[in-house]
Structures are given as structure tokens and as C-alpha cells.
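S.K.: File data21.pdb follows (PDB, C-alpha atoms (C1' of nucleotides)):
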ATOM      1  CA  MET A   1       2.171 -45.403 -50.020
ATOM      2  CA  SER A   2       0.529 -42.224 -51.232
ATOM      3  CA  ASP A   3      -3.164 -41.644 -51.831
ATOM      4  CA  PHE A   4      -3.221 -41.807 -55.551
ATOM      5  CA  ARG A   5      -0.609 -44.513 -56.067
ATOM      6  CA  GLU A   6      -2.581 -46.650 -53.677
ATOM      7  CA  LEU A   7      -5.543 -46.191 -55.931
ATOM      8  CA  ILE A   8      -3.632 -47.243 -58.990
ATOM      9  CA  GLU A   9      -2.907 -50.552 -57.333
ATOM     10  CA  MET A  10      -6.591 -51.083 -56.702
ATOM     11  CA  ASP A  11      -9.103 -52.783 -58.892
ATOM     12  CA  LYS A  12      -8.800 -51.214 -62.309
ATOM     13  CA  GLU A  13     -12.541 -51.011 -62.679
ATOM     14  CA  ALA A  14     -13.055 -49.118 -59.437
ATOM     15  CA  GLN A  15     -13.962 -45.468 -59.639
ATOM     16  CA  CYS A  16     -11.852 -42.726 -58.104
ATOM     17  CA  PRO A  17     -13.329 -41.859 -54.678
ATOM     18  CA  ARG A  18     -15.423 -38.727 -54.732
ATOM     19  CA  GLN A  19     -13.430 -36.942 -52.058
ATOM     20  CA  TYR A  20     -10.256 -37.271 -54.100
ATOM     21  CA  VAL A  21     -11.967 -35.837 -57.135
ATOM     22  CA  LEU A  22     -13.234 -32.911 -55.061
ATOM     23  CA  ALA A  23      -9.796 -32.347 -53.567
ATOM     24  CA  LEU A  24      -8.224 -32.357 -57.014
ATOM     25  CA  THR A  25     -10.854 -29.948 -58.306
ATOM     26  CA  ASP A  26     -10.137 -27.542 -55.459
ATOM     27  CA  THR A  27      -6.472 -27.640 -56.317
ATOM     28  CA  LEU A  28      -7.154 -27.088 -59.987
ATOM     29  CA  ASN A  29      -9.138 -23.984 -59.066
ATOM     30  CA  VAL A  30      -5.927 -22.478 -57.728
ATOM     31  CA  ILE A  31      -3.915 -23.489 -60.762
ATOM     32  CA  SER A  32      -6.225 -22.934 -63.671
ATOM     33  CA  GLY A  33      -5.947 -19.893 -65.829
ATOM     34  CA  LYS A  34      -3.034 -17.758 -66.762
ATOM     35  CA  TRP A  35      -2.683 -15.710 -63.626
ATOM     36  CA  LYS A  36      -3.561 -17.489 -60.372
ATOM     37  CA  LEU A  37      -0.295 -19.351 -59.951
ATOM     38  CA  PRO A  38       1.872 -16.266 -60.616
ATOM     39  CA  ILE A  39      -0.243 -14.336 -58.120
ATOM     40  CA  VAL A  40       0.073 -17.006 -55.436
ATOM     41  CA  ALA A  41       3.807 -17.228 -56.108
ATOM     42  CA  ALA A  42       4.158 -13.459 -55.772
ATOM     43  CA  LEU A  43       2.244 -13.533 -52.491
ATOM     44  CA  LEU A  44       4.419 -16.365 -51.191
ATOM     45  CA  ARG A  45       7.371 -14.125 -51.858
ATOM     46  CA  GLY A  46       5.807 -11.241 -49.982
ATOM     47  CA  ARG A  47       4.373  -8.804 -52.449
ATOM     48  CA  ASN A  48       0.924  -8.214 -51.084
ATOM     49  CA  ARG A  49      -0.558  -4.906 -52.138
ATOM     50  CA  PHE A  50      -2.565  -4.479 -55.298
ATOM     51  CA  LYS A  51       0.070  -2.264 -56.784
ATOM     52  CA  ASP A  52       2.935  -4.567 -55.825
ATOM     53  CA  LEU A  53       1.156  -7.413 -57.557
ATOM     54  CA  GLN A  54       0.532  -5.323 -60.656
ATOM     55  CA  GLU A  55       4.243  -4.632 -60.815
ATOM     56  CA  ASN A  56       5.444  -8.129 -59.982
ATOM     57  CA  VAL A  57       3.048 -10.225 -61.971
ATOM     58  CA  GLU A  58       4.223  -9.259 -65.420
ATOM     59  CA  LYS A  59       1.728  -7.591 -67.714
ATOM     60  CA  ILE A  60      -1.400  -8.407 -65.778
ATOM     61  CA  THR A  61      -4.158  -5.850 -66.192
ATOM     62  CA  PRO A  62      -5.986  -4.478 -63.145
ATOM     63  CA  ARG A  63      -9.161  -6.116 -64.393
ATOM     64  CA  MET A  64      -7.644  -9.592 -64.324
ATOM     65  CA  LEU A  65      -5.785  -9.010 -61.081
ATOM     66  CA  SER A  66      -8.972  -7.874 -59.384
ATOM     67  CA  LYS A  67     -10.941 -10.797 -60.767
ATOM     68  CA  GLU A  68      -8.371 -13.429 -59.812
ATOM     69  CA  LEU A  69      -7.876 -12.010 -56.319
ATOM     70  CA  LYS A  70     -11.630 -12.254 -55.738
ATOM     71  CA  GLU A  71     -11.718 -15.869 -56.853
ATOM     72  CA  LEU A  72      -8.732 -16.805 -54.730
ATOM     73  CA  GLU A  73     -10.399 -15.118 -51.753
ATOM     74  CA  ILE A  74     -13.648 -17.011 -52.329
ATOM     75  CA  ASN A  75     -11.684 -20.249 -52.543
ATOM     76  CA  GLY A  76     -10.024 -19.567 -49.190
ATOM     77  CA  VAL A  77      -6.544 -19.205 -50.577
ATOM     78  CA  LEU A  78      -6.063 -15.620 -49.490
ATOM     79  CA  GLU A  79      -7.611 -12.912 -47.339
ATOM     80  CA  ARG A  80      -8.174  -9.294 -48.194
ATOM     81  CA  LYS A  81      -7.276  -7.125 -45.238
ATOM     82  CA  VAL A  82      -8.194  -3.473 -44.992
ATOM     83  CA  TYR A  83      -6.184  -1.376 -42.559
ATOM     84  CA  ASN A  84      -8.059   1.807 -41.713
ATOM     85  CA  GLN A  85      -5.077   4.055 -41.699
ATOM     86  CA  THR A  86      -4.738   7.184 -43.758
ATOM     87  CA  PRO A  87      -4.033   6.449 -46.482
ATOM     88  CA  VAL A  88      -5.975   3.202 -46.385
ATOM     89  CA  LEU A  89      -3.801   0.119 -46.750
ATOM     90  CA  ILE A  90      -5.148  -2.975 -48.427
ATOM     91  CA  GLU A  91      -3.187  -6.181 -48.208
ATOM     92  CA  TYR A  92      -3.742  -9.584 -49.708
ATOM     93  CA  GLN A  93      -2.432 -12.287 -47.454
ATOM     94  CA  LEU A  94      -2.293 -16.001 -48.049
ATOM     95  CA  THR A  95      -4.256 -18.151 -45.630
ATOM     96  CA  ALA A  96      -2.634 -21.220 -44.041
ATOM     97  CA  SER A  97      -3.854 -23.207 -47.053
ATOM     98  CA  GLY A  98      -2.475 -20.613 -49.407
ATOM     99  CA  LYS A  99       0.940 -20.939 -47.805
ATOM    100  CA  ASN A 100       0.744 -24.724 -47.983
ATOM    101  CA  PHE A 101       0.270 -24.400 -51.693
ATOM    102  CA  ALA A 102       4.044 -24.099 -51.883
ATOM    103  CA  ASN A 103       4.035 -27.891 -51.517
ATOM    104  CA  VAL A 104       2.113 -28.272 -54.753
ATOM    105  CA  ILE A 105       4.270 -25.753 -56.579
ATOM    106  CA  ASP A 106       7.251 -27.647 -55.329
ATOM    107  CA  ALA A 107       5.997 -30.978 -56.620
ATOM    108  CA  MET A 108       5.323 -29.296 -59.949
ATOM    109  CA  ILE A 109       8.802 -27.828 -60.211
ATOM    110  CA  GLU A 110      10.374 -31.123 -59.243
ATOM    111  CA  TRP A 111       8.418 -33.032 -61.850
ATOM    112  CA  GLY A 112       9.315 -30.436 -64.468
ATOM    113  CA  LEU A 113      13.026 -30.611 -63.693
ATOM    114  CA  GLU A 114      13.032 -34.411 -63.683
ATOM    115  CA  HIS A 115      10.990 -34.454 -66.881
ATOM    116  CA  ARG A 116      13.562 -32.280 -68.643
ATOM    117  CA  ARG A 117      16.312 -34.645 -67.562
ATOM    118  CA  GLU A 118      14.292 -37.616 -68.871
ATOM    119  CA  VAL A 119      13.632 -35.969 -72.208
ATOM    120  CA  MET A 120      17.339 -35.159 -72.566
ATOM    121  CA  GLU A 121      18.358 -38.751 -71.897
ATOM    122  CA  THR A 122      15.838 -40.539 -74.055
ATOM    123  CA  GLY A 123      16.275 -37.945 -76.781
ATOM    124  CA  SER A 124      12.557 -37.624 -77.463
TER
ATOM    125  CA  MET B   1      14.412 -27.612 -47.754
ATOM    126  CA  SER B   2      12.526 -27.792 -51.019
ATOM    127  CA  ASP B   3      13.258 -25.870 -54.194
ATOM    128  CA  PHE B   4      10.536 -23.315 -53.987
ATOM    129  CA  ARG B   5      10.482 -22.799 -50.245
ATOM    130  CA  GLU B   6      14.190 -22.143 -50.448
ATOM    131  CA  LEU B   7      13.420 -19.430 -52.920
ATOM    132  CA  ILE B   8      10.849 -17.830 -50.665
ATOM    133  CA  GLU B   9      13.512 -17.423 -48.028
ATOM    134  CA  MET B  10      15.747 -15.633 -50.495
ATOM    135  CA  ASP B  11      15.967 -11.954 -51.221
ATOM    136  CA  LYS B  12      12.421 -10.790 -51.874
ATOM    137  CA  GLU B  13      13.538  -8.731 -54.818
ATOM    138  CA  ALA B  14      15.234 -11.625 -56.603
ATOM    139  CA  GLN B  15      13.582 -13.102 -59.638
ATOM    140  CA  CYS B  16      12.514 -16.701 -59.880
ATOM    141  CA  PRO B  17      15.300 -18.658 -61.661
ATOM    142  CA  ARG B  18      14.502 -19.319 -65.278
ATOM    143  CA  GLN B  19      14.846 -23.080 -65.034
ATOM    144  CA  TYR B  20      12.192 -23.199 -62.321
ATOM    145  CA  VAL B  21       9.844 -21.158 -64.462
ATOM    146  CA  LEU B  22      10.421 -23.531 -67.376
ATOM    147  CA  ALA B  23       9.882 -26.566 -65.180
ATOM    148  CA  LEU B  24       6.642 -25.126 -63.862
ATOM    149  CA  THR B  25       5.488 -24.314 -67.376
ATOM    150  CA  ASP B  26       6.140 -27.884 -68.478
ATOM    151  CA  THR B  27       4.064 -29.140 -65.597
ATOM    152  CA  LEU B  28       1.256 -26.723 -66.359
ATOM    153  CA  ASN B  29       1.178 -28.087 -69.898
ATOM    154  CA  VAL B  30       0.136 -31.432 -68.464
ATOM    155  CA  ILE B  31      -2.466 -29.921 -66.165
ATOM    156  CA  SER B  32      -4.045 -27.159 -68.177
ATOM    157  CA  GLY B  33      -7.352 -27.633 -69.854
ATOM    158  CA  LYS B  34     -10.307 -29.728 -68.970
ATOM    159  CA  TRP B  35      -9.105 -33.113 -70.145
ATOM    160  CA  LYS B  36      -5.367 -33.754 -69.780
ATOM    161  CA  LEU B  37      -5.389 -34.643 -66.117
ATOM    162  CA  PRO B  38      -8.332 -37.081 -66.450
ATOM    163  CA  ILE B  39      -6.572 -38.698 -69.403
ATOM    164  CA  VAL B  40      -3.298 -39.086 -67.537
ATOM    165  CA  ALA B  41      -5.177 -40.437 -64.526
ATOM    166  CA  ALA B  42      -6.974 -42.974 -66.726
ATOM    167  CA  LEU B  43      -3.669 -44.059 -68.259
ATOM    168  CA  LEU B  44      -2.105 -44.413 -64.812
ATOM    169  CA  ARG B  45      -4.928 -46.788 -64.031
ATOM    170  CA  GLY B  46      -4.281 -48.783 -67.160
ATOM    171  CA  ARG B  47      -6.863 -47.881 -69.745
ATOM    172  CA  ASN B  48      -4.746 -47.320 -72.779
ATOM    173  CA  ARG B  49      -6.645 -47.714 -76.009
ATOM    174  CA  PHE B  50      -8.497 -44.878 -77.670
ATOM    175  CA  LYS B  51     -11.814 -46.526 -77.062
ATOM    176  CA  ASP B  52     -11.035 -47.330 -73.432
ATOM    177  CA  LEU B  53     -10.206 -43.696 -72.869
ATOM    178  CA  GLN B  54     -13.390 -42.551 -74.565
ATOM    179  CA  GLU B  55     -15.342 -44.748 -72.187
ATOM    180  CA  ASN B  56     -13.393 -43.942 -69.051
ATOM    181  CA  VAL B  57     -12.908 -40.238 -69.443
ATOM    182  CA  GLU B  58     -16.482 -39.144 -69.035
ATOM    183  CA  LYS B  59     -18.120 -37.310 -71.894
ATOM    184  CA  ILE B  60     -14.993 -36.495 -73.828
ATOM    185  CA  THR B  61     -15.521 -36.256 -77.575
ATOM    186  CA  PRO B  62     -13.153 -38.049 -79.968
ATOM    187  CA  ARG B  63     -12.007 -34.680 -81.276
ATOM    188  CA  MET B  64     -10.806 -33.551 -77.859
ATOM    189  CA  LEU B  65      -9.347 -36.923 -76.955
ATOM    190  CA  SER B  66      -7.363 -37.011 -80.169
ATOM    191  CA  LYS B  67      -6.144 -33.457 -79.708
ATOM    192  CA  GLU B  68      -5.098 -33.937 -76.107
ATOM    193  CA  LEU B  69      -3.341 -37.238 -76.787
ATOM    194  CA  LYS B  70      -1.290 -35.553 -79.495
ATOM    195  CA  GLU B  71      -0.255 -32.746 -77.182
ATOM    196  CA  LEU B  72       0.638 -35.135 -74.387
ATOM    197  CA  GLU B  73       2.714 -37.149 -76.845
ATOM    198  CA  ILE B  74       4.542 -34.036 -78.075
ATOM    199  CA  ASN B  75       5.242 -33.083 -74.469
ATOM    200  CA  GLY B  76       6.802 -36.491 -73.772
ATOM    201  CA  VAL B  77       4.165 -37.590 -71.311
ATOM    202  CA  LEU B  78       2.980 -40.554 -73.313
ATOM    203  CA  GLU B  79       3.867 -42.681 -76.315
ATOM    204  CA  ARG B  80       1.578 -43.886 -79.055
ATOM    205  CA  LYS B  81       2.387 -47.470 -79.933
ATOM    206  CA  VAL B  82       1.092 -49.172 -83.027
ATOM    207  CA  TYR B  83       1.051 -52.965 -82.998
ATOM    208  CA  ASN B  84       0.828 -54.319 -86.509
ATOM    209  CA  GLN B  85      -1.504 -57.121 -85.766
ATOM    210  CA  THR B  86      -4.774 -57.703 -87.477
ATOM    211  CA  PRO B  87      -6.771 -55.881 -86.355
ATOM    212  CA  VAL B  88      -4.270 -53.151 -85.683
ATOM    213  CA  LEU B  89      -3.847 -52.337 -82.011
ATOM    214  CA  ILE B  90      -3.006 -48.835 -80.916
ATOM    215  CA  GLU B  91      -1.995 -48.201 -77.345
ATOM    216  CA  TYR B  92      -1.197 -45.036 -75.484
ATOM    217  CA  GLN B  93       1.380 -45.640 -72.786
ATOM    218  CA  LEU B  94       2.760 -43.236 -70.253
ATOM    219  CA  THR B  95       6.479 -42.572 -70.423
ATOM    220  CA  ALA B  96       8.602 -42.685 -67.268
ATOM    221  CA  SER B  97       7.812 -38.992 -66.801
ATOM    222  CA  GLY B  98       4.150 -39.657 -67.354
ATOM    223  CA  LYS B  99       4.157 -42.229 -64.595
ATOM    224  CA  ASN B 100       6.035 -39.868 -62.295
ATOM    225  CA  PHE B 101       3.223 -37.422 -62.722
ATOM    226  CA  ALA B 102       1.435 -39.398 -60.036
ATOM    227  CA  ASN B 103       3.642 -37.467 -57.610
ATOM    228  CA  VAL B 104       2.137 -34.183 -58.711
ATOM    229  CA  ILE B 105      -1.403 -35.529 -58.639
ATOM    230  CA  ASP B 106      -0.672 -36.783 -55.187
ATOM    231  CA  ALA B 107       0.540 -33.414 -53.952
ATOM    232  CA  MET B 108      -2.578 -31.876 -55.440
ATOM    233  CA  ILE B 109      -4.933 -34.315 -53.736
ATOM    234  CA  GLU B 110      -3.140 -33.871 -50.439
ATOM    235  CA  TRP B 111      -3.372 -30.103 -50.626
ATOM    236  CA  GLY B 112      -7.052 -30.320 -51.536
ATOM    237  CA  LEU B 113      -7.868 -32.623 -48.618
ATOM    238  CA  GLU B 114      -5.930 -30.488 -46.158
ATOM    239  CA  HIS B 115      -7.516 -27.342 -47.572
ATOM    240  CA  ARG B 116     -11.005 -28.745 -46.966
ATOM    241  CA  ARG B 117     -10.066 -29.517 -43.372
ATOM    242  CA  GLU B 118      -8.742 -25.956 -42.956
ATOM    243  CA  VAL B 119     -11.852 -24.376 -44.400
ATOM    244  CA  MET B 120     -14.043 -26.496 -42.089
ATOM    245  CA  GLU B 121     -12.086 -25.432 -39.013
ATOM    246  CA  THR B 122     -11.814 -21.724 -39.682
ATOM    247  CA  GLY B 123     -15.378 -21.625 -40.957
ATOM    248  CA  SER B 124     -14.508 -19.505 -43.951
TER
ATOM    249  C1'  DT C   1      -6.961  23.780 -56.664
ATOM    250  C1'  DA C   2      -4.531  21.019 -59.569
ATOM    251  C1'  DA C   3      -2.021  17.110 -60.259
ATOM    252  C1'  DC C   4      -0.890  12.547 -58.313
ATOM    253  C1'  DC C   5      -1.271   7.951 -56.103
ATOM    254  C1'  DC C   6      -3.885   3.833 -54.878
ATOM    255  C1'  DA C   7      -7.279   0.537 -55.681
ATOM    256  C1'  DC C   8      -9.963  -0.594 -58.338
ATOM    257  C1'  DT C   9     -14.570  -0.885 -62.127
ATOM    258  C1'  DA C  10     -16.834  -0.699 -66.880
ATOM    259  C1'  DT C  11     -17.336  -1.633 -71.577
ATOM    260  C1'  DA C  12     -16.117  -3.629 -75.693
ATOM    261  C1'  DC C  13     -13.516  -6.723 -78.071
ATOM    262  C1'  DA C  14     -10.339 -10.773 -79.489
ATOM    263  C1'  DA C  15      -8.504 -15.181 -78.844
ATOM    264  C1'  DA C  16      -8.484 -19.673 -76.949
ATOM    265  C1'  DA C  17     -10.779 -23.635 -75.507
ATOM    266  C1'  DG C  18     -14.352 -26.785 -75.802
ATOM    267  C1'  DT C  19     -18.851 -28.909 -78.007
ATOM    268  C1'  DA C  20     -21.982 -30.951 -81.445
ATOM    269  C1'  DT C  21     -22.582 -33.539 -85.197
ATOM    270  C1'  DA C  22     -21.283 -35.923 -88.960
ATOM    271  C1'  DG C  23     -18.162 -38.470 -91.714
ATOM    272  C1'  DT C  24     -13.948 -41.478 -93.122
ATOM    273  C1'  DA C  25     -10.915 -45.536 -93.711
ATOM    274  C1'  DA C  26      -9.434 -49.945 -92.605
ATOM    275  C1'  DT C  27     -10.544 -54.348 -91.190
ATOM    276  C1'  DA C  28     -13.505 -58.159 -89.348
ATOM    277  C1'  DC C  29     -17.737 -60.731 -88.807
ATOM    278  C1'  DT C  30     -22.000 -63.044 -90.684
TER
ATOM    279  C1'  DA D   1     -23.101 -57.763 -99.500
ATOM    280  C1'  DG D   2     -24.206 -55.588 -95.241
ATOM    281  C1'  DT D   3     -23.266 -54.453 -90.580
ATOM    282  C1'  DA D   4     -19.950 -53.678 -86.784
ATOM    283  C1'  DT D   5     -15.693 -52.121 -84.586
ATOM    284  C1'  DT D   6     -11.632 -49.269 -83.955
ATOM    285  C1'  DA D   7      -9.487 -45.104 -84.468
ATOM    286  C1'  DC D   8      -9.877 -41.371 -85.692
ATOM    287  C1'  DT D   9     -10.841 -36.359 -88.870
ATOM    288  C1'  DA D  10     -13.677 -32.245 -90.518
ATOM    289  C1'  DT D  11     -16.590 -28.379 -90.084
ATOM    290  C1'  DA D  12     -19.174 -25.225 -87.720
ATOM    291  C1'  DC D  13     -20.453 -23.372 -83.678
ATOM    292  C1'  DT D  14     -20.647 -21.735 -78.548
ATOM    293  C1'  DT D  15     -18.532 -20.700 -74.333
ATOM    294  C1'  DT D  16     -14.855 -19.303 -71.628
ATOM    295  C1'  DT D  17     -10.961 -16.765 -70.925
ATOM    296  C1'  DG D  18      -8.134 -12.961 -71.461
ATOM    297  C1'  DT D  19      -7.006  -8.062 -73.504
ATOM    298  C1'  DA D  20      -7.344  -3.099 -74.460
ATOM    299  C1'  DT D  21      -8.604   1.107 -73.066
ATOM    300  C1'  DA D  22     -10.776   4.239 -70.430
ATOM    301  C1'  DG D  23     -12.765   5.942 -66.291
ATOM    302  C1'  DT D  24     -14.070   6.368 -61.041
ATOM    303  C1'  DG D  25     -13.544   7.830 -56.264
ATOM    304  C1'  DG D  26     -11.135   8.699 -52.206
ATOM    305  C1'  DG D  27      -7.295  10.689 -50.281
ATOM    306  C1'  DT D  28      -2.543  13.343 -50.385
ATOM    307  C1'  DT D  29       0.874  16.500 -51.844
ATOM    308  C1'  DA D  30       2.682  20.916 -53.949
TER
END
Would you kindly transcribe this structure into C-alpha cells?
M.R.:
Amino acid sequence: MSDFRELIEMDKEAQCPRQYVLALTDTLNVISGKWKLPIVAALLRGRNRFKDLQENVEKITPRMLSKELKELEINGVLERKVYNQTPVLIEYQLTASGKNFANVIDAMIEWGLEHRREVMETGS
Amino acid sequence: MSDFRELIEMDKEAQCPRQYVLALTDTLNVISGKWKLPIVAALLRGRNRFKDLQENVEKITPRMLSKELKELEINGVLERKVYNQTPVLIEYQLTASGKNFANVIDAMIEWGLEHRREVMETGS
DNA sequence: TAACCCACTATACAAAAGTATAGTAATACT
DNA sequence: AGTATTACTATACTTTTGTATAGTGGGTTA
């Protein structure tokens, strides 16, 4: 049985263990806001230069892109790599964790699809 | 192979299918903001009256609780049930979809735990 | 040497989200 | 009659988040 479901079966008065709350908070840091998820998705699909991201994440301004990339870097989701060629090449690459985030996106998509089926059926 | 990973393997220039985007958006509607996830978590653990939620979701004001419950109801995540007893009893119960949301929370906790292990190891 | 591309940064502003505090309406309890 | 409980609502405010628009600095190309 999974982590959280296990918890649900526990004593109703018990608190959620601190490490689970921290883990959830970390995950929310990658999801929260308008842009982080689209950026991570774009990087999963291989667009990794600043300009590529500007083009592929619809209507994001350079200010927001810059800001979000910094936060994702701080949170260990991606790495900024500078290649000292001429012209200089800067790439944003997902870390191992960043790549694993596909699992979360997947769970989200699956829930969303199933939810739509449910809503259809029950007519709410 | 999972929905999204499958996509990553596809043509890099292809767009994300619309239904996946919609599904993701639905899921984000349950996650976004400061309070929805704690409320859903509390309901999964069985606290389902307004007052219970006020006590169990730390520091939420009645205004926010009311607002979030309405949105979650509109999105088909929970149902508001009025029992015409005296005194009247009002319960908020997760729908089937709402209960399934434990899967997403689970994926999030798992990613968060694994991410912390990764960050420890690589020392970033 | 002028225009162009890349990768941003700066400033000001607008909109969305959340907080603080108080109040309401229905019923029950003493 | 007065206090308590449940389930909220109303108003005003602050904070956070995101937008618009312009500009910078290094290099490259014509």
C-alpha cells in the first residue's frame, strides 16, 4: 500500500508525518505558479536553451522565464550549463530529479483523464 | 509506458495533445493555491464538517475555507451534503474522483522523498 | 560600423490570492 | 432572556504573483 493511503488508514487523530509534509512541499514548489510546469514539460521534451523555452512556453516573458529558471535551479530540478564556445551556449538541463518529475506529471494527467470520465458518467 | 513519457519519446516538434493539457489543468485546479491540497488531505482522513476542517486545516480563515470548498465542489472533487436534522448537519464528502486524488498526492510525496535523497547524494 | 542575435535585467504597474476582523442567521441549551 | 454552537458572509486591506515595456552587454555577420 502506498505512503499516503497507508496514512489514511491510520488513527484519524494522528498528524501527517513531518517528512511527508516536507516532501509534498518540495513537490509543490515545482508545480506552483503559472510557468514552472510548462517549463519542466518543455525541458522534458528537449527544448533547453533560453530562446527555445521562450518560443515553446507560450507567451512567457523573459523576466518570468529567468525568474522561474533560477528557482528551479535552486530547488535542484535543473542545472544551468555554460559551454564556453563562441558564441557561448547556455543550456538548461533537468537533473535526475527533474526527469523523474515525469512520474508526477503522469499521475496528474491520469487523474485528470479519469476525473473527466467520472464527471461525464455521473453528470455532475 | 505511461502517457507522458510516451509523449517525450515522440517527435520533439509535436505539440502536447489537447486532452492531456485539459487533464493537467483539471488536476492543477485541485492543487493550486495554499489551501486546496490540505483540505482534500483532511477530507481523505475523514474530517468532513466545516468546523472540523477549520480545526484541522491549520490557520485557515472561514472566508478561505468557504471559498475553497465551493471551488472544489464546482470542480467535482467533493459534494456538500445537507442533512435536515435538528440541528442541521452539513458534511463535505469527497467524490470518487476526490478519493482518487490520493494517487496524485502519493506520486507527489514519492517524488519529494526521492528528490531529497538525490539532493543529499549529489550534494547540490 | 551598423544591424542582428542571444541571454538576459530593470522598472513600473496590474491582477490575483490571501488575511484580518467583524458580523449574520438559525437553532439549542440553561 | 441570555449565551453558545454551527456554518457561514461582508468589507477592507496586504501580499504575492504575473505583465508590459524597455534596455543592457557581449559577440557575430554583412
S.K.: Show me which bits of chain C are within 10 Å of chain B, counting only C-alpha atoms (C1' of nucleotides), as a PDB file with C-alpha atoms (C1' of nucleotides), in the coordinates of the input.
M.R.:
ATOM      1  C1'  DA C  17     -10.779 -23.635 -75.507  1.00  0.00           C
ATOM      2  C1'  DG C  18     -14.352 -26.785 -75.802  1.00  0.00           C
ATOM      3  C1'  DT C  19     -18.851 -28.909 -78.007  1.00  0.00           C
ATOM      4  C1'  DA C  20     -21.982 -30.951 -81.445  1.00  0.00           C
ATOM      5  C1'  DA C  26      -9.434 -49.945 -92.605  1.00  0.00           C
ATOM      6  C1'  DT C  27     -10.544 -54.348 -91.190  1.00  0.00           C
ATOM      7  C1'  DA C  28     -13.505 -58.159 -89.348  1.00  0.00           C
TER       8       DA C  28
END
S.K.: Quick check, in Å to one decimal: how far apart do CA of Gln19 (chain B) and CA of Leu113 (chain A) lie?
M.R.: 7.9 Å
S.K.: Considering only C-alpha atoms, can you say which of A:Asp26, A:Glu121, A:Glu79, A:Glu110 comes closest to Thr95 (chain A)?
M.R.: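 Among the listed residues, the smallest separation from Thr95 (chain A) belongs to A:Glu79.
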S.K.: For chain D against chain A, which residues fall within 9 Å using all atoms listed in the file, given as an MDAnalysis selection string?
M.R.: chainID D and resid 17:19 27:28
S.K.: Within 6 Å of chain A, which residues of chain B come that close, and what is the closest atom pair and distance in Å for each? Count all atoms listed in the file and give it as CSV.
M.R.:
residue,atom,partner,partner_atom,distance
B:Phe4,CA,A:Asp106,CA,5.6
B:Ile8,CA,A:Arg45,CA,5.2
B:Ala23,CA,A:Gly112,CA,4.0
B:Leu24,CA,A:Ile109,CA,5.0
B:Asp26,CA,A:Gly112,CA,5.7
B:Thr27,CA,A:Gly112,CA,5.5
B:Arg45,CA,A:Ile8,CA,5.2
B:Ser97,CA,A:His115,CA,5.5
B:Val104,CA,A:Ala107,CA,5.4
B:Asp106,CA,A:Phe4,CA,5.6
B:Ala107,CA,A:Val104,CA,5.4
B:Met108,CA,A:Thr27,CA,5.8
B:Ile109,CA,A:Leu24,CA,5.0
B:Gly112,CA,A:Ala23,CA,4.0
B:Leu113,CA,A:Ala23,CA,5.3
B:His115,CA,A:Ser97,CA,5.5
S.K.: Could you take the residues named above and write them with C-alpha atoms, as a PDB file, in the frame of the given file?
M.R.:
ATOM      1  CA  PHE B   4      10.536 -23.315 -53.987  1.00  0.00           C
ATOM      2  CA  ILE B   8      10.849 -17.830 -50.665  1.00  0.00           C
ATOM      3  CA  ALA B  23       9.882 -26.566 -65.180  1.00  0.00           C
ATOM      4  CA  LEU B  24       6.642 -25.126 -63.862  1.00  0.00           C
ATOM      5  CA  ASP B  26       6.140 -27.884 -68.478  1.00  0.00           C
ATOM      6  CA  THR B  27       4.064 -29.140 -65.597  1.00  0.00           C
ATOM      7  CA  ARG B  45      -4.928 -46.788 -64.031  1.00  0.00           C
ATOM      8  CA  SER B  97       7.812 -38.992 -66.801  1.00  0.00           C
ATOM      9  CA  VAL B 104       2.137 -34.183 -58.711  1.00  0.00           C
ATOM     10  CA  ASP B 106      -0.672 -36.783 -55.187  1.00  0.00           C
ATOM     11  CA  ALA B 107       0.540 -33.414 -53.952  1.00  0.00           C
ATOM     12  CA  MET B 108      -2.578 -31.876 -55.440  1.00  0.00           C
ATOM     13  CA  ILE B 109      -4.933 -34.315 -53.736  1.00  0.00           C
ATOM     14  CA  GLY B 112      -7.052 -30.320 -51.536  1.00  0.00           C
ATOM     15  CA  LEU B 113      -7.868 -32.623 -48.618  1.00  0.00           C
ATOM     16  CA  HIS B 115      -7.516 -27.342 -47.572  1.00  0.00           C
TER      17      HIS B 115
END
S.K.: Pick the closest to DC8 (chain D) from C:DT24, C:DT30, C:DA2, C:DC8: which is it, counting all atoms listed in the file?
M.R.: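 The shortest atom-to-atom distance to DC8 (chain D) comes from C:DT24.
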S.K.: Using all atoms of region 79-84 of chain A listed in the file and a margin of 4 Å per side, can you give the axis-aligned box centre and edge lengths in Å to one decimal, as lines of an AutoDock Vina configuration file?
M.R.:
center_x = -7.2
center_y = -5.6
center_z = -45.0
size_x = 10.0
size_y = 22.7
size_z = 14.5
